[in-house]
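Student: The structure file target-v1.cif (mmCIF, C-alpha atoms) is provided below.
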```
data_target
loop_
_atom_site.group_PDB
_atom_site.id
_atom_site.type_symbol
_atom_site.label_atom_id
_atom_site.label_comp_id
_atom_site.auth_asym_id
_atom_site.auth_seq_id
_atom_site.Cartn_x
_atom_site.Cartn_y
_atom_site.Cartn_z
ATOM 1 C CA MET A 1 -19.142 17.776 27.053
ATOM 2 C CA THR A 2 -18.095 15.156 29.520
ATOM 3 C CA ALA A 3 -15.108 15.707 31.765
ATOM 4 C CA GLU A 4 -13.363 12.763 30.105
ATOM 5 C CA THR A 5 -13.905 14.182 26.614
ATOM 6 C CA THR A 6 -12.826 17.652 27.720
ATOM 7 C CA ALA A 7 -9.645 16.278 29.286
ATOM 8 C CA ARG A 8 -8.683 14.456 26.081
ATOM 9 C CA GLU A 9 -9.575 17.212 23.659
ATOM 10 C CA ALA A 10 -7.059 19.981 23.220
ATOM 11 C CA PRO A 11 -8.235 23.258 21.711
ATOM 12 C CA GLY A 12 -8.646 22.804 17.976
ATOM 13 C CA GLN A 13 -8.489 19.000 18.226
ATOM 14 C CA CYS A 14 -11.268 16.477 17.562
ATOM 15 C CA ALA A 15 -11.889 14.277 20.636
ATOM 16 C CA SER A 16 -12.817 11.096 18.794
ATOM 17 C CA CYS A 17 -10.289 11.057 15.966
ATOM 18 C CA GLY A 18 -7.532 13.289 17.328
ATOM 19 C CA GLY A 19 -7.553 15.406 14.164
ATOM 20 C CA THR A 20 -7.365 19.149 14.178
ATOM 21 C CA THR A 21 -10.394 21.319 13.570
ATOM 22 C CA SER A 22 -10.330 24.012 10.926
ATOM 23 C CA THR A 23 -10.526 27.082 13.115
ATOM 24 C CA THR A 24 -8.368 29.972 11.937
ATOM 25 C CA GLU A 25 -7.502 33.248 13.609
ATOM 26 C CA HIS A 26 -10.425 34.940 11.853
ATOM 27 C CA GLU A 27 -13.051 32.311 12.699
ATOM 28 C CA ALA A 28 -14.804 32.076 16.017
ATOM 29 C CA PRO A 29 -14.193 28.713 17.687
ATOM 30 C CA GLU A 30 -17.019 26.239 17.234
ATOM 31 C CA PRO A 31 -19.099 25.988 20.425
ATOM 32 C CA PRO A 32 -19.129 22.483 21.966
ATOM 33 C CA HIS A 33 -22.847 21.869 21.316
ATOM 34 C CA GLU A 34 -22.470 22.853 17.653
ATOM 35 C CA ARG A 35 -19.369 20.669 17.281
ATOM 36 C CA VAL A 36 -21.094 17.586 18.714
ATOM 37 C CA ASN A 37 -24.148 18.191 16.483
ATOM 38 C CA ARG A 38 -21.918 18.607 13.417
ATOM 39 C CA ARG A 39 -19.953 15.475 14.270
ATOM 40 C CA TRP A 40 -23.184 13.517 14.767
ATOM 41 C CA ASN A 41 -24.525 14.657 11.382
ATOM 42 C CA GLU A 42 -21.229 13.711 9.707
ATOM 43 C CA ILE A 43 -21.309 10.248 11.287
ATOM 44 C CA MET A 44 -24.899 9.718 10.146
ATOM 45 C CA GLN A 45 -24.017 10.664 6.554
ATOM 46 C CA GLU A 46 -21.024 8.326 6.580
ATOM 47 C CA THR A 47 -23.132 5.571 8.145
ATOM 48 C CA ARG A 48 -25.713 5.811 5.349
ATOM 49 C CA VAL A 49 -23.038 5.172 2.734
ATOM 50 C CA ALA A 50 -21.408 2.292 4.597
ATOM 51 C CA GLN A 51 -24.735 0.686 5.575
ATOM 52 C CA THR A 52 -25.910 0.504 1.983
ATOM 53 C CA GLY A 53 -22.740 -1.229 0.840
ATOM 54 C CA VAL A 54 -22.614 -3.711 3.693
ATOM 55 C CA GLN A 55 -26.308 -4.583 3.376
ATOM 56 C CA ILE A 56 -26.028 -5.291 -0.351
ATOM 57 C CA LEU A 57 -22.896 -7.382 0.181
ATOM 58 C CA PHE A 58 -24.438 -9.265 3.102
ATOM 59 C CA GLY A 59 -27.591 -9.995 1.082
ATOM 60 C CA PHE A 60 -25.444 -11.400 -1.719
ATOM 61 C CA LEU A 61 -23.526 -13.559 0.745
ATOM 62 C CA LEU A 62 -26.690 -14.981 2.262
ATOM 63 C CA SER A 63 -27.975 -16.005 -1.146
ATOM 64 C CA VAL A 64 -24.776 -17.853 -2.148
ATOM 65 C CA ALA A 65 -25.501 -20.876 0.057
ATOM 66 C CA PHE A 66 -28.722 -21.511 -1.858
ATOM 67 C CA THR A 67 -27.147 -21.710 -5.312
ATOM 68 C CA PRO A 68 -26.634 -25.102 -6.993
ATOM 69 C CA LEU A 69 -22.848 -24.650 -7.299
ATOM 70 C CA PHE A 70 -22.422 -24.089 -3.546
ATOM 71 C CA ARG A 71 -22.738 -27.824 -2.832
ATOM 72 C CA ASP A 72 -19.825 -28.506 -5.210
ATOM 73 C CA LEU A 73 -17.406 -26.239 -3.307
ATOM 74 C CA GLY A 74 -14.674 -27.854 -1.246
ATOM 75 C CA THR A 75 -14.072 -27.648 2.487
ATOM 76 C CA PHE A 76 -11.759 -24.623 2.151
ATOM 77 C CA ASP A 77 -14.373 -22.655 0.221
ATOM 78 C CA HIS A 78 -17.110 -23.597 2.703
ATOM 79 C CA ALA A 79 -14.879 -22.435 5.581
ATOM 80 C CA VAL A 80 -14.131 -19.155 3.796
ATOM 81 C CA TYR A 81 -17.862 -18.721 3.174
ATOM 82 C CA VAL A 82 -18.747 -19.224 6.856
ATOM 83 C CA ILE A 83 -16.042 -16.770 7.956
ATOM 84 C CA THR A 84 -17.213 -14.266 5.333
ATOM 85 C CA VAL A 85 -20.863 -14.474 6.407
ATOM 86 C CA VAL A 86 -19.930 -14.048 10.068
ATOM 87 C CA LEU A 87 -17.694 -11.053 9.241
ATOM 88 C CA GLY A 88 -20.506 -9.594 7.124
ATOM 89 C CA ALA A 89 -22.985 -9.991 9.982
ATOM 90 C CA LEU A 90 -20.558 -8.343 12.406
ATOM 91 C CA ALA A 91 -19.916 -5.480 9.961
ATOM 92 C CA THR A 92 -23.648 -5.004 9.462
ATOM 93 C CA GLY A 93 -24.195 -4.916 13.209
ATOM 94 C CA SER A 94 -21.395 -2.410 13.796
ATOM 95 C CA LEU A 95 -22.488 -0.083 11.004
ATOM 96 C CA ILE A 96 -26.172 -0.110 11.959
ATOM 97 C CA ALA A 97 -25.574 0.122 15.732
ATOM 98 C CA PRO A 98 -25.191 3.949 15.795
ATOM 99 C CA VAL A 99 -28.794 4.269 14.604
ATOM 100 C CA SER A 100 -30.068 1.979 17.356
ATOM 101 C CA ILE A 101 -27.959 3.695 19.997
ATOM 102 C CA HIS A 102 -29.231 7.084 18.894
ATOM 103 C CA ARG A 103 -32.829 5.859 19.025
ATOM 104 C CA PHE A 104 -32.409 4.488 22.566
ATOM 105 C CA LEU A 105 -30.512 7.507 23.884
ATOM 106 C CA SER A 106 -32.361 10.288 22.052
ATOM 107 C CA GLY A 107 -33.412 12.980 24.496
ATOM 108 C CA GLN A 108 -31.157 11.664 27.277
ATOM 109 C CA ARG A 109 -28.605 14.486 26.906
ATOM 110 C CA MET A 110 -25.878 11.991 26.046
ATOM 111 C CA LYS A 111 -24.900 13.220 22.593
ATOM 112 C CA ASP A 112 -21.171 13.434 23.430
ATOM 113 C CA GLU A 113 -21.141 9.786 24.488
ATOM 114 C CA THR A 114 -23.338 8.786 21.561
ATOM 115 C CA VAL A 115 -20.995 10.460 19.062
ATOM 116 C CA GLU A 116 -17.918 8.854 20.649
ATOM 117 C CA ILE A 117 -19.443 5.352 20.625
ATOM 118 C CA ALA A 118 -20.818 5.809 17.080
ATOM 119 C CA HIS A 119 -17.339 6.847 15.921
ATOM 120 C CA ARG A 120 -15.774 3.722 17.443
ATOM 121 C CA LEU A 121 -18.477 1.456 15.993
ATOM 122 C CA MET A 122 -17.988 2.993 12.547
ATOM 123 C CA MET A 123 -14.222 2.414 12.718
ATOM 124 C CA CYS A 124 -14.783 -1.187 13.813
ATOM 125 C CA GLY A 125 -17.447 -1.666 11.133
ATOM 126 C CA MET A 126 -15.130 -0.377 8.414
ATOM 127 C CA VAL A 127 -12.422 -2.860 9.417
ATOM 128 C CA LEU A 128 -14.989 -5.671 9.420
ATOM 129 C CA LEU A 129 -16.340 -4.504 6.055
ATOM 130 C CA ALA A 130 -12.849 -4.527 4.523
ATOM 131 C CA LEU A 131 -12.301 -8.063 5.848
ATOM 132 C CA THR A 132 -15.699 -9.132 4.514
ATOM 133 C CA ILE A 133 -14.861 -7.767 1.082
ATOM 134 C CA GLY A 134 -11.479 -9.495 1.161
ATOM 135 C CA CYS A 135 -13.016 -12.845 2.109
ATOM 136 C CA THR A 136 -15.747 -12.435 -0.510
ATOM 137 C CA LEU A 137 -13.080 -11.830 -3.137
ATOM 138 C CA LEU A 138 -11.145 -14.855 -1.905
ATOM 139 C CA LEU A 139 -14.251 -17.023 -2.168
ATOM 140 C CA ILE A 140 -15.090 -15.833 -5.678
ATOM 141 C CA LEU A 141 -11.552 -15.731 -7.044
ATOM 142 C CA HIS A 142 -10.656 -19.110 -5.552
ATOM 143 C CA VAL A 143 -13.443 -20.601 -7.675
ATOM 144 C CA VAL A 144 -12.720 -18.566 -10.825
ATOM 145 C CA VAL A 145 -8.915 -18.158 -10.914
ATOM 146 C CA PRO A 146 -6.638 -21.188 -10.716
ATOM 147 C CA GLY A 147 -3.838 -21.607 -8.188
ATOM 148 C CA LEU A 148 -2.056 -18.995 -6.145
ATOM 149 C CA LEU A 149 -3.227 -16.118 -8.358
ATOM 150 C CA ALA A 150 -6.482 -15.780 -6.372
ATOM 151 C CA GLU A 151 -4.618 -15.223 -3.104
ATOM 152 C CA LEU A 152 -2.216 -12.766 -4.748
ATOM 153 C CA LEU A 153 -5.094 -10.734 -6.198
ATOM 154 C CA VAL A 154 -6.909 -10.688 -2.869
ATOM 155 C CA GLY A 155 -3.690 -9.637 -1.122
ATOM 156 C CA ALA A 156 -3.256 -6.769 -3.595
ATOM 157 C CA VAL A 157 -6.838 -5.607 -3.083
ATOM 158 C CA MET A 158 -6.505 -5.795 0.702
ATOM 159 C CA LEU A 159 -3.274 -3.808 0.497
ATOM 160 C CA TRP A 160 -5.171 -1.169 -1.484
ATOM 161 C CA PHE A 161 -7.883 -1.060 1.200
ATOM 162 C CA ALA A 162 -5.242 -0.721 3.927
ATOM 163 C CA LEU A 163 -3.539 2.104 2.057
ATOM 164 C CA SER A 164 -6.609 4.050 0.937
ATOM 165 C CA TRP A 165 -8.880 3.498 3.955
ATOM 166 C CA TYR A 166 -6.344 3.613 6.784
ATOM 167 C CA ALA A 167 -2.779 4.619 5.883
ATOM 168 C CA LEU A 168 -3.752 7.629 3.732
ATOM 169 C CA PRO A 169 -6.097 9.193 6.320
ATOM 170 C CA LEU A 170 -3.531 8.628 9.084
ATOM 171 C CA TRP A 171 -0.795 10.167 6.938
ATOM 172 C CA LEU A 172 -3.017 13.172 6.160
ATOM 173 C CA ARG A 173 -3.846 13.588 9.861
ATOM 174 C CA ARG A 174 -0.151 13.538 10.822
ATOM 175 C CA ARG A 175 0.702 15.975 8.046
ATOM 176 C CA ALA A 176 -2.018 18.371 9.218
ATOM 177 C CA ALA A 177 -0.824 18.058 12.825
ATOM 178 C CA ARG A 178 2.762 18.847 11.785
ATOM 179 C CA ARG A 179 1.522 21.829 9.783
ATOM 180 C CA ALA A 180 -0.493 23.041 12.790
ATOM 181 C CA ASP A 181 2.522 22.606 15.077
ATOM 182 C CA ARG A 182 4.672 24.667 12.700
ATOM 183 C CA HIS A 183 1.949 27.312 12.493
ATOM 184 C CA ASP A 184 1.530 27.451 16.300
ATOM 185 C CA GLY A 185 5.323 27.492 16.824
ATOM 186 C CA GLY A 186 5.702 30.460 14.455
ATOM 187 C CA ARG A 187 3.493 32.770 16.509
#
```
How would this structure read if it were set down as structure tokens?
Tutor:
Amino acid sequence: MTAETTAREAPGQCASCGGTTSTTEHEAPEPPHERVNRRWNEIMQETRVAQTGVQILFGFLLSVAFTPLFRDLGTFDHAVYVITVVLGALATGSLIAPVSIHRFLSGQRMKDETVEIAHRLMMCGMVLLALTIGCTLLLILHVVVPGLLAELLVGAVMLWFALSWYALPLWLRRRAARRADRHDGGR
């Protein structure tokens, strides 16, 4: 592990996400090389899921401009479309980047750095994907649903994404940290 990673990572704590690891008194601590390999494999599995979704969505978005109804959309809808396509391209780039980085750095003994960067790219890609989905919904619902209802529905969906993708994991992480602090304080 790098000196920077080692300095940031407390025993039993994940360096990239700050979460606690699941080592108990009866388990041997996970050696650093096994931890980085496990984390890399987890990131690759998560990347496969996210990549598939973003690629399908991005393909759909690219095809929209070539439909007959696209020409009939107003300036607002065209602007939303452009923003959505750009967000989709950025999300695609962020979620595919860990594969490219791994390919370029494979065999360079840089797995710690690769895992850290892949983690950050995945987090960025997930934010961009949520924004892409929100803008896609806005584009579709603005055409289908009259008035302010489209924006309200999109706002509700984006709130759900914020709660389920970000607030819930952060809440669970804090709860686990509090539980670990109570457990460590009781020794």
Student: Ranking A:Ser106, A:Thr114, A:Asn41, A:Thr132 by minimum distance to Val80 in chain A and counting all atoms listed in the file, which one comes first?
Tutor: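 Ranked by minimum distance to Val80 in chain A, first place goes to A:Thr132.
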Student: Can you tell me, as a list in words, what residues are no more than 9 Å from Val99 in chain A when counting only C-alpha atoms, ignoring any on the same chain fewer than 3 positions away?
Tutor: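 Surrounding residues, per the criterion: Met44, Thr47, Leu95, Ile96, His102, Arg103, Phe104 and Ala118 of chain A.
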Student: Please, could you write that set of residues out with C-alpha atoms as a JSON list (two decimals), keeping the file's coordinate frame?
Tutor:
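Okay, this is what ended up in again.json:
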```json
[["chain", "number", "residue", "atom", "x", "y", "z"],
["A", 44, "MET", "CA", -24.90, 9.72, 10.15],
["A", 47, "THR", "CA", -23.13, 5.57, 8.14],
["A", 95, "LEU", "CA", -22.49, -0.08, 11.00],
["A", 96, "ILE", "CA", -26.17, -0.11, 11.96],
["A", 102, "HIS", "CA", -29.23, 7.08, 18.89],
["A", 103, "ARG", "CA", -32.83, 5.86, 19.02],
["A", 104, "PHE", "CA", -32.41, 4.49, 22.57],
["A", 118, "ALA", "CA", -20.82, 5.81, 17.08]]
```
Student: Quick one: residues within 9 Å of Gln51 in chain A, only C-alpha atoms, excluding same-chain residues fewer than 2 positions away - as a list in words?
Tutor: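 Result of the neighbour search: Glu46, Thr47, Arg48, Val49, Gly53, Val54, Gln55, Ile56, Ala91, Thr92, Leu95 and Ile96 of chain A.
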Student: Using only C-alpha atoms, please write the residues we just selected to a file, as a CSV table (one decimal), in the coordinates of the input.
Tutor:
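Contents of the output file selection-v3.csv:
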```
chain,number,residue,atom,x,y,z
A,46,GLU,CA,-21.0,8.3,6.6
A,47,THR,CA,-23.1,5.6,8.1
A,48,ARG,CA,-25.7,5.8,5.3
A,49,VAL,CA,-23.0,5.2,2.7
A,53,GLY,CA,-22.7,-1.2,0.8
A,54,VAL,CA,-22.6,-3.7,3.7
A,55,GLN,CA,-26.3,-4.6,3.4
A,56,ILE,CA,-26.0,-5.3,-0.4
A,91,ALA,CA,-19.9,-5.5,10.0
A,92,THR,CA,-23.6,-5.0,9.5
A,95,LEU,CA,-22.5,-0.1,11.0
A,96,ILE,CA,-26.2,-0.1,12.0
```
Student: Could you tell me, as a VMD selection string, exactly which residues end up selected when the PyMOL selection byres ((chain A and resi 81-87) around 9) is applied to this structure?
Tutor: chain A and resid 58 61 to 62 64 to 65 76 to 80 88 to 92 128 to 129 131 to 136 139
Student: Rounded to one decimal in Å, what is the spacing between CA of Gly59 in chain A and CA of Gly93 in chain A?
Tutor: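 According to the coordinates, CA of Gly59 in chain A and CA of Gly93 in chain A are separated by 13.6 Å.
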Student: Would you mind reading off the distance between CA of Asp181 in chain A and CA of Trp40 in chain A, one decimal, in Å?
Tutor: 27.3 Å
Student: Report, in Å to a single decimal, how far apart CA of Glu151 in chain A and CA of Leu69 in chain A are.
Tutor: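 Answer for the CA of Leu69 in chain A to CA of Glu151 in chain A separation: 20.9 Å.
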Student: Ranking A:Val143, A:Leu138, A:Ala130, A:Cys124 by minimum distance to Leu159 in chain A and counting all atoms listed in the file, which one comes first?
Tutor: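 Closest to Leu159 in chain A of all the choices is A:Ala130.
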